[in-house]
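Novice: Handing you a structure now.
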Amino acid sequence: MLRKLFKSDLEKILKIENAVHVVPWTEDTFKTCFQASCPGWVIEVDNEIVGFSIVTQREDECHILNICITHSYQHQGYGRKLLEHTLDGVKRQGAHIAYLEVRRSNQRAISLYRNMGFKLIGERKEYYPTVAGREDALVFAKSLQVSVE
């Protein structure tokens, strides 16, 4: 099931975030997103949250801040379903374009984004912290407007 992310989900999504990411977001980062009214969604399997997304949206632009699927549910299509639902949600709210960053080393995510129509538009040098230093981010964008040809 896909549904809206609520503040009451914080403990569960924080557990997923800490298990999946090398340098995870802090509880305060999530709280800042909630305070800023950043929309988000969760995907549940058997009433258990297995992934989440959080975005920021200004006017007709959306920036996907975080999308995460717990390890045991990765590579089963849940990330795609969550991303599709997220993009549908922001599109309904008037977004015409979506942006995201991804670690250069995250080839599986990059493949998913490319397969879903995201285009590489740039990079951010040493954007992500790692255990041993910094890693570049690749910046992707996807038009959410229906093209008329």
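Quick note on naming: the chains in the structure tokens go A, B, ... in the order shown, residues restart at 1 in each chain, and ligands are numbered from 1 in order of appearance.
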If you count only C-alpha atoms, which residues fall within 9 Å of segment 121-125 of chain A, apart from same-chain ones fewer than 5 positions away, as a PyMOL selection string?
Specialist: chain A and resi 101+104+134-141
Novice: Generate the output file for the selected residues, all heavy atoms, as an mmCIF file, in the first residue's frame.
Specialist:
data_model
loop_
_atom_site.group_PDB
_atom_site.id
_atom_site.type_symbol
_atom_site.label_atom_id
_atom_site.label_comp_id
_atom_site.auth_asym_id
_atom_site.auth_seq_id
_atom_site.Cartn_x
_atom_site.Cartn_y
_atom_site.Cartn_z
ATOM 1 N N GLU A 101 19.367 14.054 -6.699
ATOM 2 C CA GLU A 101 20.793 13.726 -6.729
ATOM 3 C C GLU A 101 20.945 12.279 -6.296
ATOM 4 O O GLU A 101 20.155 11.775 -5.503
ATOM 5 C CB GLU A 101 21.611 14.595 -5.758
ATOM 6 C CG GLU A 101 21.773 16.031 -6.168
ATOM 7 C CD GLU A 101 20.680 16.915 -5.594
ATOM 8 O OE1 GLU A 101 19.961 16.481 -4.671
ATOM 9 O OE2 GLU A 101 20.516 18.040 -6.082
ATOM 10 N N ARG A 104 27.318 8.815 -7.151
ATOM 11 C CA ARG A 104 27.898 8.287 -8.387
ATOM 12 C C ARG A 104 28.036 6.762 -8.321
ATOM 13 O O ARG A 104 27.887 6.064 -9.325
ATOM 14 C CB ARG A 104 29.258 8.933 -8.639
ATOM 15 C CG ARG A 104 29.909 8.508 -9.940
ATOM 16 C CD ARG A 104 31.271 9.147 -10.136
ATOM 17 N NE ARG A 104 31.220 10.588 -10.262
ATOM 18 C CZ ARG A 104 30.910 11.241 -11.385
ATOM 19 N NH1 ARG A 104 30.603 10.577 -12.476
ATOM 20 N NH2 ARG A 104 30.908 12.558 -11.408
ATOM 21 N N ARG A 134 34.425 12.190 0.813
ATOM 22 C CA ARG A 134 33.271 12.725 0.097
ATOM 23 C C ARG A 134 33.099 11.970 -1.223
ATOM 24 O O ARG A 134 34.052 11.408 -1.742
ATOM 25 C CB ARG A 134 33.435 14.216 -0.215
ATOM 26 C CG ARG A 134 33.863 15.112 0.933
ATOM 27 C CD ARG A 134 32.834 15.492 1.909
ATOM 28 N NE ARG A 134 31.699 16.226 1.399
ATOM 29 C CZ ARG A 134 30.623 16.454 2.137
ATOM 30 N NH1 ARG A 134 30.565 16.036 3.372
ATOM 31 N NH2 ARG A 134 29.612 17.109 1.659
ATOM 32 N N GLU A 135 31.876 11.994 -1.753
ATOM 33 C CA GLU A 135 31.568 11.352 -3.029
ATOM 34 C C GLU A 135 30.752 12.307 -3.892
ATOM 35 O O GLU A 135 29.900 13.039 -3.390
ATOM 36 C CB GLU A 135 30.777 10.059 -2.789
ATOM 37 C CG GLU A 135 30.425 9.324 -4.053
ATOM 38 C CD GLU A 135 29.700 8.002 -3.828
ATOM 39 O OE1 GLU A 135 29.468 7.628 -2.653
ATOM 40 O OE2 GLU A 135 29.353 7.357 -4.827
ATOM 41 N N ASP A 136 30.998 12.264 -5.198
ATOM 42 C CA ASP A 136 30.257 13.109 -6.129
ATOM 43 C C ASP A 136 28.803 12.664 -6.219
ATOM 44 O O ASP A 136 28.481 11.484 -6.053
ATOM 45 C CB ASP A 136 30.853 13.025 -7.541
ATOM 46 C CG ASP A 136 32.268 13.571 -7.620
ATOM 47 O OD1 ASP A 136 32.710 14.255 -6.679
ATOM 48 O OD2 ASP A 136 32.924 13.311 -8.654
ATOM 49 N N ALA A 137 27.937 13.633 -6.521
ATOM 50 C CA ALA A 137 26.531 13.352 -6.801
ATOM 51 C C ALA A 137 26.278 13.618 -8.277
ATOM 52 O O ALA A 137 26.817 14.564 -8.846
ATOM 53 C CB ALA A 137 25.633 14.264 -5.970
ATOM 54 N N LEU A 138 25.467 12.767 -8.879
ATOM 55 C CA LEU A 138 24.972 13.020 -10.219
ATOM 56 C C LEU A 138 23.587 13.642 -10.071
ATOM 57 O O LEU A 138 22.784 13.209 -9.240
ATOM 58 C CB LEU A 138 24.894 11.723 -11.020
ATOM 59 C CG LEU A 138 26.217 10.988 -11.204
ATOM 60 C CD1 LEU A 138 26.000 9.698 -11.996
ATOM 61 C CD2 LEU A 138 27.256 11.872 -11.873
ATOM 62 N N VAL A 139 23.315 14.668 -10.854
ATOM 63 C CA VAL A 139 22.047 15.381 -10.787
ATOM 64 C C VAL A 139 21.198 14.968 -11.989
ATOM 65 O O VAL A 139 21.651 15.054 -13.134
ATOM 66 C CB VAL A 139 22.257 16.912 -10.788
ATOM 67 C CG1 VAL A 139 20.919 17.636 -10.666
ATOM 68 C CG2 VAL A 139 23.212 17.328 -9.679
ATOM 69 N N PHE A 140 19.987 14.518 -11.700
ATOM 70 C CA PHE A 140 19.061 14.083 -12.738
ATOM 71 C C PHE A 140 17.802 14.941 -12.707
ATOM 72 O O PHE A 140 17.429 15.474 -11.657
ATOM 73 C CB PHE A 140 18.666 12.618 -12.523
ATOM 74 C CG PHE A 140 19.714 11.626 -12.910
ATOM 75 C CD1 PHE A 140 20.723 11.274 -12.025
ATOM 76 C CD2 PHE A 140 19.700 11.046 -14.171
ATOM 77 C CE1 PHE A 140 21.695 10.363 -12.385
ATOM 78 C CE2 PHE A 140 20.668 10.131 -14.535
ATOM 79 C CZ PHE A 140 21.671 9.781 -13.648
ATOM 80 N N ALA A 141 17.143 15.034 -13.849
ATOM 81 C CA ALA A 141 15.876 15.755 -13.949
ATOM 82 C C ALA A 141 14.932 14.966 -14.847
ATOM 83 O O ALA A 141 15.364 14.227 -15.740
ATOM 84 C CB ALA A 141 16.089 17.147 -14.526
#
Novice: Among segment 34-91 of chain A, which ones does DSSP place in alpha helix (DSSP H), written as number ranges by chain?
Specialist: A: 34-35, 78-91
Novice: Would you mind listing what lies within 6 Å of Asn66 of chain A as a ChimeraX atom specification, with only C-alpha atoms counted and same-chain residues fewer than 2 positions away left out?
Specialist: /A:53-54,64
Novice: Keeping only all heavy atoms, write the selected residues as a CSV table (one decimal), in the first residue's frame.
Specialist:
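Once written, again_22.csv looks like this:
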chain,number,residue,atom,x,y,z
A,53,SER,N,9.6,8.2,0.8
A,53,SER,CA,10.2,9.3,0.0
A,53,SER,C,9.8,10.6,0.6
A,53,SER,O,8.7,10.7,1.3
A,53,SER,CB,9.6,9.3,-1.5
A,53,SER,OG,8.3,9.5,-1.5
A,54,ILE,N,10.6,11.6,0.5
A,54,ILE,CA,10.4,13.0,1.0
A,54,ILE,C,10.8,13.9,-0.1
A,54,ILE,O,11.9,13.8,-0.7
A,54,ILE,CB,11.1,13.3,2.3
A,54,ILE,CG1,10.7,12.3,3.4
A,54,ILE,CG2,11.0,14.7,2.7
A,54,ILE,CD1,11.4,12.5,4.7
A,64,ILE,N,13.4,15.7,-5.2
A,64,ILE,CA,13.3,14.5,-4.4
A,64,ILE,C,14.5,14.5,-3.4
A,64,ILE,O,15.6,14.4,-3.9
A,64,ILE,CB,13.2,13.3,-5.3
A,64,ILE,CG1,12.0,13.3,-6.1
A,64,ILE,CG2,13.2,12.0,-4.4
A,64,ILE,CD1,11.9,12.3,-7.2
Novice: Can you list, as a PyMOL selection string, every residue of chain A that DSSP puts in strand (DSSP E)?
Specialist: chain A and resi 2-4+40-45+48-58+61-69+97-103+119-130+133-143
Novice: Output C-alpha atoms of each residue in that selection to a file, as a PDB file, in the first residue's frame.
Specialist:
ATOM      1  CA  LEU A   2       1.162   3.519  -0.781  1.00  0.00           C
ATOM      2  CA  ARG A   3       0.112   6.354   1.474  1.00  0.00           C
ATOM      3  CA  LYS A   4       1.088   9.772   2.758  1.00  0.00           C
ATOM      4  CA  GLY A  40       6.303  12.456   1.630  1.00  0.00           C
ATOM      5  CA  TRP A  41       4.958   8.972   1.045  1.00  0.00           C
ATOM      6  CA  VAL A  42       5.523   5.492   2.415  1.00  0.00           C
ATOM      7  CA  ILE A  43       5.145   2.080   0.878  1.00  0.00           C
ATOM      8  CA  GLU A  44       3.848  -0.676   3.149  1.00  0.00           C
ATOM      9  CA  VAL A  45       3.863  -4.448   2.790  1.00  0.00           C
ATOM     10  CA  GLU A  48       4.922  -2.696   7.661  1.00  0.00           C
ATOM     11  CA  ILE A  49       6.663   0.381   6.227  1.00  0.00           C
ATOM     12  CA  VAL A  50       9.360  -0.817   3.833  1.00  0.00           C
ATOM     13  CA  GLY A  51      10.241   2.483   2.179  1.00  0.00           C
ATOM     14  CA  PHE A  52       9.639   6.198   2.065  1.00  0.00           C
ATOM     15  CA  SER A  53      10.162   9.316  -0.016  1.00  0.00           C
ATOM     16  CA  ILE A  54      10.391  12.967   0.959  1.00  0.00           C
ATOM     17  CA  VAL A  55      10.299  15.891  -1.460  1.00  0.00           C
ATOM     18  CA  THR A  56      10.259  19.627  -1.507  1.00  0.00           C
ATOM     19  CA  GLN A  57       8.095  21.455  -4.002  1.00  0.00           C
ATOM     20  CA  ARG A  58       8.139  25.087  -5.007  1.00  0.00           C
ATOM     21  CA  GLU A  61       9.490  22.312  -9.467  1.00  0.00           C
ATOM     22  CA  CYS A  62       9.990  19.298  -7.238  1.00  0.00           C
ATOM     23  CA  HIS A  63      13.200  18.100  -5.634  1.00  0.00           C
ATOM     24  CA  ILE A  64      13.273  14.526  -4.375  1.00  0.00           C
ATOM     25  CA  LEU A  65      15.248  14.864  -1.154  1.00  0.00           C
ATOM     26  CA  ASN A  66      15.262  11.242  -0.035  1.00  0.00           C
ATOM     27  CA  ILE A  67      13.911   7.946  -1.309  1.00  0.00           C
ATOM     28  CA  CYS A  68      14.761   4.760   0.514  1.00  0.00           C
ATOM     29  CA  ILE A  69      13.702   1.098   0.506  1.00  0.00           C
ATOM     30  CA  ILE A  97       9.803  18.921 -13.416  1.00  0.00           C
ATOM     31  CA  ALA A  98      11.467  16.733 -10.800  1.00  0.00           C
ATOM     32  CA  TYR A  99      15.114  16.833  -9.744  1.00  0.00           C
ATOM     33  CA  LEU A 100      17.200  14.482  -7.627  1.00  0.00           C
ATOM     34  CA  GLU A 101      20.793  13.726  -6.729  1.00  0.00           C
ATOM     35  CA  VAL A 102      22.283  10.265  -6.444  1.00  0.00           C
ATOM     36  CA  ARG A 103      25.681   8.995  -5.372  1.00  0.00           C
ATOM     37  CA  LYS A 119      18.111  12.604 -17.687  1.00  0.00           C
ATOM     38  CA  LEU A 120      21.570  13.385 -16.339  1.00  0.00           C
ATOM     39  CA  ILE A 121      21.930  17.170 -16.224  1.00  0.00           C
ATOM     40  CA  GLY A 122      25.032  17.695 -14.088  1.00  0.00           C
ATOM     41  CA  GLU A 123      27.101  16.702 -11.118  1.00  0.00           C
ATOM     42  CA  ARG A 124      28.044  18.069  -7.724  1.00  0.00           C
ATOM     43  CA  LYS A 125      31.631  17.384  -6.766  1.00  0.00           C
ATOM     44  CA  GLU A 126      32.162  15.943  -3.273  1.00  0.00           C
ATOM     45  CA  TYR A 127      28.484  16.400  -2.435  1.00  0.00           C
ATOM     46  CA  TYR A 128      27.854  13.358  -0.253  1.00  0.00           C
ATOM     47  CA  PRO A 129      29.754  12.563   2.936  1.00  0.00           C
ATOM     48  CA  THR A 130      31.195   9.063   3.186  1.00  0.00           C
ATOM     49  CA  GLY A 133      35.678  11.441   2.745  1.00  0.00           C
ATOM     50  CA  ARG A 134      33.271  12.725   0.097  1.00  0.00           C
ATOM     51  CA  GLU A 135      31.568  11.352  -3.029  1.00  0.00           C
ATOM     52  CA  ASP A 136      30.257  13.109  -6.129  1.00  0.00           C
ATOM     53  CA  ALA A 137      26.531  13.352  -6.801  1.00  0.00           C
ATOM     54  CA  LEU A 138      24.972  13.020 -10.219  1.00  0.00           C
ATOM     55  CA  VAL A 139      22.047  15.381 -10.787  1.00  0.00           C
ATOM     56  CA  PHE A 140      19.061  14.083 -12.738  1.00  0.00           C
ATOM     57  CA  ALA A 141      15.876  15.755 -13.949  1.00  0.00           C
ATOM     58  CA  LYS A 142      12.612  14.485 -15.405  1.00  0.00           C
ATOM     59  CA  SER A 143       9.897  16.462 -17.137  1.00  0.00           C
TER      60      SER A 143
END
Novice: Have a look at A:Val131, A:Val90, A:Cys38, A:Leu83 and name the one nearest to Asn115 of chain A; count only C-alpha atoms.
Specialist: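 That would be A:Leu83, the residue with the smallest distance to Asn115 of chain A.
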Novice: To one decimal in Å, tell me the separation between atom CA of Glu84 of chain A and atom CA of Asp28 of chain A.
Specialist: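 These two atoms are separated by 27.0 Å.
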